[in-house]
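File shown: my_file_3.cif. Contents: mmCIF, C-alpha atoms and all ligand atoms.
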```cif
data_work
loop_
_atom_site.label_atom_id
_atom_site.label_comp_id
_atom_site.auth_asym_id
_atom_site.auth_seq_id
_atom_site.Cartn_x
_atom_site.Cartn_y
_atom_site.Cartn_z
CA MET A 21 170.06 43.32 -18.65
CA ASN A 22 173.62 42.69 -17.52
CA GLU A 23 173.63 39.38 -15.63
CA LEU A 24 175.62 40.65 -12.69
CA LEU A 25 173.31 43.64 -12.21
CA LYS A 26 170.27 41.35 -12.37
CA LEU A 27 171.81 39.13 -9.71
CA ILE A 28 172.56 42.14 -7.52
CA GLN A 29 169.02 43.46 -7.88
CA GLU A 30 167.46 40.09 -7.17
CA ARG A 31 169.54 39.29 -4.10
CA HIS A 32 167.16 39.41 -1.18
CA SER A 33 166.58 38.52 2.48
CA SER A 34 164.55 35.41 3.28
CA ARG A 35 163.26 35.57 6.84
CA MET A 36 160.84 32.62 6.90
CA PRO A 37 161.76 29.10 8.11
CA PHE A 38 163.79 26.95 5.74
CA ASP A 39 163.16 23.27 5.03
CA THR A 40 165.42 21.31 7.37
CA LYS A 41 164.84 18.18 5.24
CA HIS A 42 166.32 19.92 2.20
CA PRO A 43 170.07 20.05 2.76
CA ILE A 44 172.45 22.20 0.79
CA ALA A 45 174.53 20.19 -1.65
CA LYS A 46 178.20 20.09 -0.72
CA GLN A 47 179.22 21.49 -4.11
CA ASP A 48 176.86 24.48 -3.65
CA LEU A 49 178.19 25.12 -0.17
CA LEU A 50 181.73 25.01 -1.54
CA GLN A 51 180.82 27.51 -4.26
CA ILE A 52 179.45 29.90 -1.63
CA LEU A 53 182.69 29.53 0.33
CA GLU A 54 184.70 29.99 -2.88
CA ALA A 55 182.87 33.28 -3.46
CA GLY A 56 183.83 34.18 0.12
CA ARG A 57 187.40 33.16 -0.53
CA TRP A 58 187.76 35.78 -3.28
CA THR A 59 186.43 38.62 -1.14
CA PRO A 60 188.41 41.85 -1.32
CA THR A 61 189.75 42.64 2.16
CA ALA A 62 191.87 45.53 3.44
CA HIS A 63 195.56 44.67 2.84
CA ASN A 64 194.31 41.27 1.66
CA MET A 65 194.29 40.33 5.34
CA GLN A 66 191.43 37.85 4.80
CA ASN A 67 190.40 38.63 8.33
CA PHE A 68 187.79 35.92 8.83
CA GLU A 69 187.12 32.34 9.83
CA ILE A 70 183.82 30.73 8.94
CA ILE A 71 182.15 28.03 10.98
CA VAL A 72 179.75 25.98 8.85
CA VAL A 73 177.11 24.50 11.16
CA ASP A 74 175.00 21.71 9.71
CA ASP A 75 174.80 19.38 12.71
CA GLU A 76 171.15 19.13 13.77
CA LYS A 77 171.92 19.10 17.49
CA LEU A 78 174.18 22.13 17.26
CA LEU A 79 171.59 24.00 15.18
CA GLU A 80 168.99 23.13 17.78
CA SER A 81 171.22 24.33 20.62
CA ILE A 82 171.83 27.62 18.83
CA GLY A 83 168.13 27.86 18.03
CA ASN A 84 167.27 27.50 21.71
CA ILE A 85 169.40 30.46 22.77
CA LYS A 86 167.22 33.28 24.04
CA ARG A 87 167.73 36.37 21.95
CA PRO A 88 166.62 39.23 24.14
CA VAL A 89 165.48 42.32 22.32
CA SER A 90 166.53 45.65 23.80
CA GLU A 91 164.39 48.74 24.23
CA THR A 92 167.08 50.66 22.31
CA PHE A 93 166.71 48.28 19.37
CA ILE A 94 162.94 48.67 19.35
CA ARG A 95 163.14 52.47 19.56
CA GLU A 96 165.74 52.76 16.79
CA ASN A 97 164.14 50.05 14.66
CA TYR A 98 160.90 52.04 14.84
CA GLN A 99 162.61 54.96 13.07
CA GLN A 100 163.15 52.73 10.01
CA LEU A 101 159.58 51.45 9.75
CA SER A 102 156.90 52.27 7.21
CA PHE A 103 153.34 51.38 8.04
CA SER A 104 152.06 50.99 4.49
CA GLU A 105 153.53 50.15 1.08
CA GLU A 106 152.62 53.67 -0.02
CA GLU A 107 154.72 55.14 2.83
CA LEU A 108 157.65 52.85 2.01
CA ARG A 109 157.49 53.74 -1.70
CA ARG A 110 157.55 57.42 -0.81
CA LYS A 111 160.41 57.17 1.70
CA LYS A 112 162.47 54.75 -0.46
CA ILE A 113 164.41 53.60 2.62
CA GLY A 114 163.62 51.31 5.52
CA ILE A 115 161.33 48.33 5.86
CA LEU A 116 157.69 47.45 6.32
CA ALA A 117 156.52 47.38 9.94
CA SER A 118 154.46 44.26 9.22
CA MET A 119 157.71 42.25 9.14
CA PHE A 120 158.04 42.59 12.90
CA PRO A 121 156.09 41.42 15.94
CA SER A 122 153.31 43.87 16.76
CA SER A 123 154.89 45.06 20.01
CA TRP A 124 158.00 46.17 18.08
CA ARG A 125 155.83 48.67 16.29
CA ASN A 126 155.46 50.58 19.53
CA PRO A 127 158.43 52.92 20.18
CA ASP A 128 157.47 53.09 23.87
CA PHE A 129 157.79 49.34 24.25
CA ARG A 130 159.08 48.38 27.69
CA LEU A 131 160.74 45.12 28.60
CA ASP A 132 159.21 43.19 31.50
CA SER A 133 155.95 45.02 31.00
CA LYS A 134 152.55 43.91 29.80
CA ASP A 135 153.77 44.81 26.25
CA GLU A 136 156.22 41.94 26.30
CA LYS A 137 153.83 39.47 27.94
CA ALA A 138 151.05 40.31 25.49
CA ASP A 139 153.23 39.41 22.53
CA PRO A 140 155.10 36.13 22.89
CA SER A 141 156.69 36.57 19.45
CA VAL A 142 158.93 39.17 21.08
CA GLN A 143 161.07 36.24 22.20
CA ARG A 144 161.65 35.66 18.49
CA PRO A 145 161.49 31.92 17.94
CA PHE A 146 164.42 31.06 15.79
CA PRO A 147 163.52 30.17 12.18
CA ALA A 148 164.73 26.70 11.19
CA CYS A 149 167.49 26.01 8.65
CA PRO A 150 169.71 23.15 7.45
CA VAL A 151 172.92 25.23 7.51
CA MET A 152 174.17 28.24 9.35
CA LEU A 153 177.39 30.17 8.75
CA ILE A 154 178.99 31.93 11.70
CA VAL A 155 181.66 34.35 10.57
CA VAL A 156 184.22 35.37 13.19
CA TYR A 157 187.18 37.74 13.20
CA ASP A 158 189.95 38.84 15.53
CA PRO A 159 189.36 42.47 16.55
CA ALA A 160 192.97 42.67 17.82
CA LYS A 161 194.34 42.23 14.29
CA ARG A 162 193.23 45.48 12.76
CA ALA A 163 193.97 46.62 9.22
CA PRO A 164 197.01 48.93 9.29
CA ALA A 165 196.28 52.26 10.97
CA SER A 166 192.57 51.63 10.70
CA GLU A 167 190.94 53.20 13.76
CA GLY A 168 188.41 50.78 15.25
CA ASP A 169 189.38 48.37 12.45
CA PHE A 170 186.91 50.21 10.27
CA LEU A 171 188.58 48.79 7.16
CA GLY A 172 188.57 45.27 8.53
CA ILE A 173 184.85 45.54 9.26
CA LEU A 174 184.16 46.90 5.78
CA SER A 175 186.00 43.84 4.47
CA LEU A 176 183.64 41.58 6.42
CA GLY A 177 180.75 43.34 4.71
CA CYS A 178 182.30 42.47 1.34
CA LEU A 179 182.49 38.85 2.48
CA MET A 180 178.81 38.91 3.40
CA GLU A 181 177.82 40.28 0.01
CA ASN A 182 179.99 37.84 -1.97
CA MET A 183 178.49 34.83 -0.23
CA TRP A 184 174.96 36.22 -0.32
CA LEU A 185 175.10 36.82 -4.09
CA MET A 186 176.54 33.38 -4.69
CA ALA A 187 173.89 31.69 -2.54
CA ASN A 188 171.00 33.50 -4.22
CA SER A 189 172.46 32.80 -7.67
CA LEU A 190 172.27 29.10 -6.79
CA GLY A 191 168.64 29.48 -5.67
CA ILE A 192 169.64 29.18 -2.01
CA ASP A 193 167.88 31.47 0.45
CA PHE A 194 169.97 33.58 2.79
CA HIS A 195 169.11 35.36 6.04
CA ILE A 196 171.43 37.54 8.10
CA MET A 197 170.76 37.39 11.83
CA SER A 198 172.49 40.23 13.62
CA SER A 199 170.89 39.25 16.91
CA LEU A 200 173.39 36.38 17.16
CA SER A 201 176.19 38.92 17.63
CA ALA A 202 174.59 40.41 20.77
CA ASP A 203 176.96 39.89 23.72
CA SER A 204 174.90 37.34 25.66
CA VAL A 205 174.02 35.32 22.55
CA GLU A 206 177.56 35.46 21.19
CA LYS A 207 178.87 34.08 24.46
CA GLU A 208 176.59 31.05 24.25
CA ILE A 209 177.35 30.41 20.58
CA LYS A 210 181.08 30.59 21.30
CA ASN A 211 180.62 27.96 24.00
CA ILE A 212 178.57 25.67 21.78
CA LEU A 213 180.97 25.90 18.81
CA HIS A 214 184.25 26.08 20.80
CA ILE A 215 185.14 29.45 19.29
CA PRO A 216 188.26 30.94 20.95
CA GLY A 217 187.48 33.76 23.39
CA ASN A 218 189.46 36.42 21.52
CA LEU A 219 187.35 36.12 18.37
CA LYS A 220 184.14 38.04 17.77
CA ILE A 221 181.15 37.13 15.66
CA ALA A 222 181.02 39.45 12.66
CA PHE A 223 177.78 38.06 11.30
CA SER A 224 175.72 34.91 11.17
CA CYS A 225 173.40 33.73 8.47
CA ARG A 226 170.96 30.95 7.74
CA LEU A 227 171.10 29.14 4.42
CA GLY A 228 168.44 26.89 2.97
CA TYR A 229 165.31 26.62 0.91
CA LEU A 230 162.02 28.22 1.94
CA ILE A 231 159.24 25.81 2.85
CA THR A 232 156.49 27.98 1.38
CA THR A 233 156.76 30.41 -1.50
CA PRO A 234 156.45 33.84 0.06
CA GLY A 235 154.09 36.46 -1.33
CA LYS A 236 155.87 39.27 -3.15
CA HIS A 237 156.91 41.97 -0.74
CA LEU A 238 157.91 45.48 -1.64
CA ARG A 239 161.65 46.17 -1.79
CA VAL A 240 162.62 49.78 -2.29
CA ARG A 241 165.79 51.73 -3.02
CA ARG A 242 166.59 55.39 -3.47
CA ASP A 243 167.02 56.63 -7.03
CA ILE A 244 170.58 57.09 -8.31
CA SER A 245 170.05 60.86 -8.33
CA ASP A 246 169.10 60.77 -4.62
CA PHE A 247 172.56 59.68 -3.54
CA THR A 248 174.81 60.84 -6.37
CA ASN A 249 176.58 64.17 -6.37
CA HIS A 250 178.46 65.50 -9.37
CA ASN A 251 181.95 66.91 -8.73
CA LYS A 252 180.74 68.82 -5.70
CA PHE A 253 178.55 67.65 -2.83
CA GLY A 254 175.01 68.83 -3.44
CA ASN A 255 175.38 69.07 -7.23
CA LYS A 256 172.62 66.91 -8.64
CA ASP A 257 173.20 67.53 -12.34
CA LEU A 258 174.71 64.17 -13.38
C1 LIG A 301 175.00 44.38 8.12
C2 LIG A 301 173.60 43.85 7.90
C3 LIG A 301 172.86 43.37 8.98
C4 LIG A 301 171.58 42.85 8.79
N1 LIG A 301 170.91 42.30 9.84
C5 LIG A 301 169.72 41.70 9.63
C6 LIG A 301 169.04 41.02 10.68
O1 LIG A 301 169.51 40.94 11.80
N2 LIG A 301 167.84 40.44 10.40
C7 LIG A 301 167.28 40.49 9.15
O2 LIG A 301 166.20 39.93 8.96
N3 LIG A 301 167.90 41.13 8.13
C8 LIG A 301 169.10 41.71 8.35
N4 LIG A 301 169.75 42.34 7.31
C9 LIG A 301 169.11 42.39 6.00
C10 LIG A 301 168.55 43.78 5.69
O3 LIG A 301 167.47 44.08 6.54
C11 LIG A 301 168.13 43.78 4.22
O4 LIG A 301 169.26 43.55 3.43
C12 LIG A 301 167.46 45.08 3.81
O5 LIG A 301 166.25 45.27 4.50
C13 LIG A 301 167.16 45.08 2.31
O6 LIG A 301 166.35 43.97 1.97
P1 LIG A 301 166.85 42.90 0.91
O7 LIG A 301 168.02 42.16 1.50
O8 LIG A 301 165.68 41.97 0.70
O9 LIG A 301 167.23 43.64 -0.32
C14 LIG A 301 171.01 42.85 7.48
C15 LIG A 301 171.76 43.34 6.40
C16 LIG A 301 173.03 43.81 6.60
C17 LIG A 301 173.83 44.27 5.40
#
```
Using structure tokens, write down the structure that the file contains.
Amino acid sequence: MNELLKLIQERHSSRMPFDTKHPIAKQDLLQILEAGRWTPTAHNMQNFEIIVVDDEKLLESIGNIKRPVSETFIRENYQQLSFSEEELRRKKIGILASMFPSSWRNPDFRLDSKDEKADPSVQRPFPACPVMLIVVYDPAKRAPASEGDFLGILSLGCLMENMWLMANSLGIDFHIMSSLSADSVEKEIKNILHIPGNLKIAFSCRLGYLITTPGKHLRVRRDISDFTNHNKFGNKDL
């Protein structure tokens, strides 16, 4: 199989704790950043700054930030859940419910209720890692005529993918943590890392090596024919 395609198919999310005693070699980190450097961005604006955090105390401070989960998140997250591998295989989109704390599998979950108290994992203890990347951008510097900086944000997605592919190709595990962009969390991270107030966190990720080898979990995708249309929307004859 084509090497690039294999790499793309094998890129994956690693959500378990990483070994904090196993640092990432400087040359590997630089290769990940080099992959980021060559990201395509709208108007080649290169609309990002990356903060590499490998200081134990800083990682601990970030790890101690409370990451509140919202009822909206739980309700909308629920829509993407499958409750068995068979269901996930059939749907071909979404994720297995077993990845989440049990109370998140209840769409009627209420904060400050017995649901939350009965499940301490709702507070989401932060999985350990030797390195974290915090990617920030300036929302005031939008790509030309791009409403809501849609093109700038797409560009940040390209950056994420470039670095993710590079990390996995080096055998380094990678975990995106969108919860670090939530307003209250972002504010604390910006304080800890001295990030200027006008910048926003685009995404944050953990890098490292898993402590235990995870069991194989099902990863699904739609078939090409499910999302491809030939010449006219709805034509499925490619
Ligand atoms: C924009 C974006 C945000 C994501 N946020 C999270 C996140 O907060 N936590 C997480 O565990 N995975 C997150 N992911 C990873 C996706 O859940 C994951 O890519 C998807 O389920 C497919 O699994 P795979 O990466 O193993 O192929 C995010 C991915 C993207 C592209």
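Minimum distance to ligand LIG 301 (chain A) across A:Phe129, A:Tyr229, A:Phe93, A:Tyr157 (counting only C-alpha atoms and all ligand atoms) occurs at A:Phe93.
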Name the residues in contact with range 54-59 of chain A at a cut-off of 10 Å, using only C-alpha atoms, excluding same-chain residues fewer than 3 positions from it; report them as a list in words.
-> Asp48, Leu49, Leu50, Gln51, Ala62, Asn64, Gln66, Phe68, Ile70, Ser175, Leu176, Gly177, Cys178, Leu179, Met180, Glu181, Asn182, Met183, Trp184, Leu185, Met186 and Ala187 of chain A
Please identify the residues whose atoms come within 8 Å of ligand LIG 301 (chain A), using only C-alpha atoms and all ligand atoms, and report them as a ChimeraX atom specification.
-> /A:29-35,114-115,177,180-181,195-199,223,239-240
Give me the residues within 9 Å of Val205 in chain A as JSON, numbers by chain, counting all atoms listed in the file and dropping any in the same chain fewer than 6 places off.
-> {"A": [82, 85, 86, 87, 88, 199]}
From A:Asp74, A:Leu53, A:Asp169, A:Lys112, residue lying nearest Phe247 in chain A [only C-alpha atoms] | A:Lys112
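Proximity to range 208-219 of chain A at 9 Å, evaluated using all atoms listed in the file and with sequence-adjacent residues fewer than 3 positions away removed, yields Ile71, Val73, Leu78, Ser81, Ile82, Ile85, Val156, Tyr157, Asp158, Pro159, Ala160, Leu200, Asp203, Ser204 and Val205 of chain A.
When CA of Leu153 in chain A is paired with CA of Val72 in chain A, their separation reads 4.8 Å.
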CA of Met152 in chain A and CA of Gln100 in chain A, how far apart in Å?
-> 26.9 Å
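Taking CA of Asp39 in chain A and CA of Asn84 in chain A as endpoints, the distance between them is 17.7 Å.
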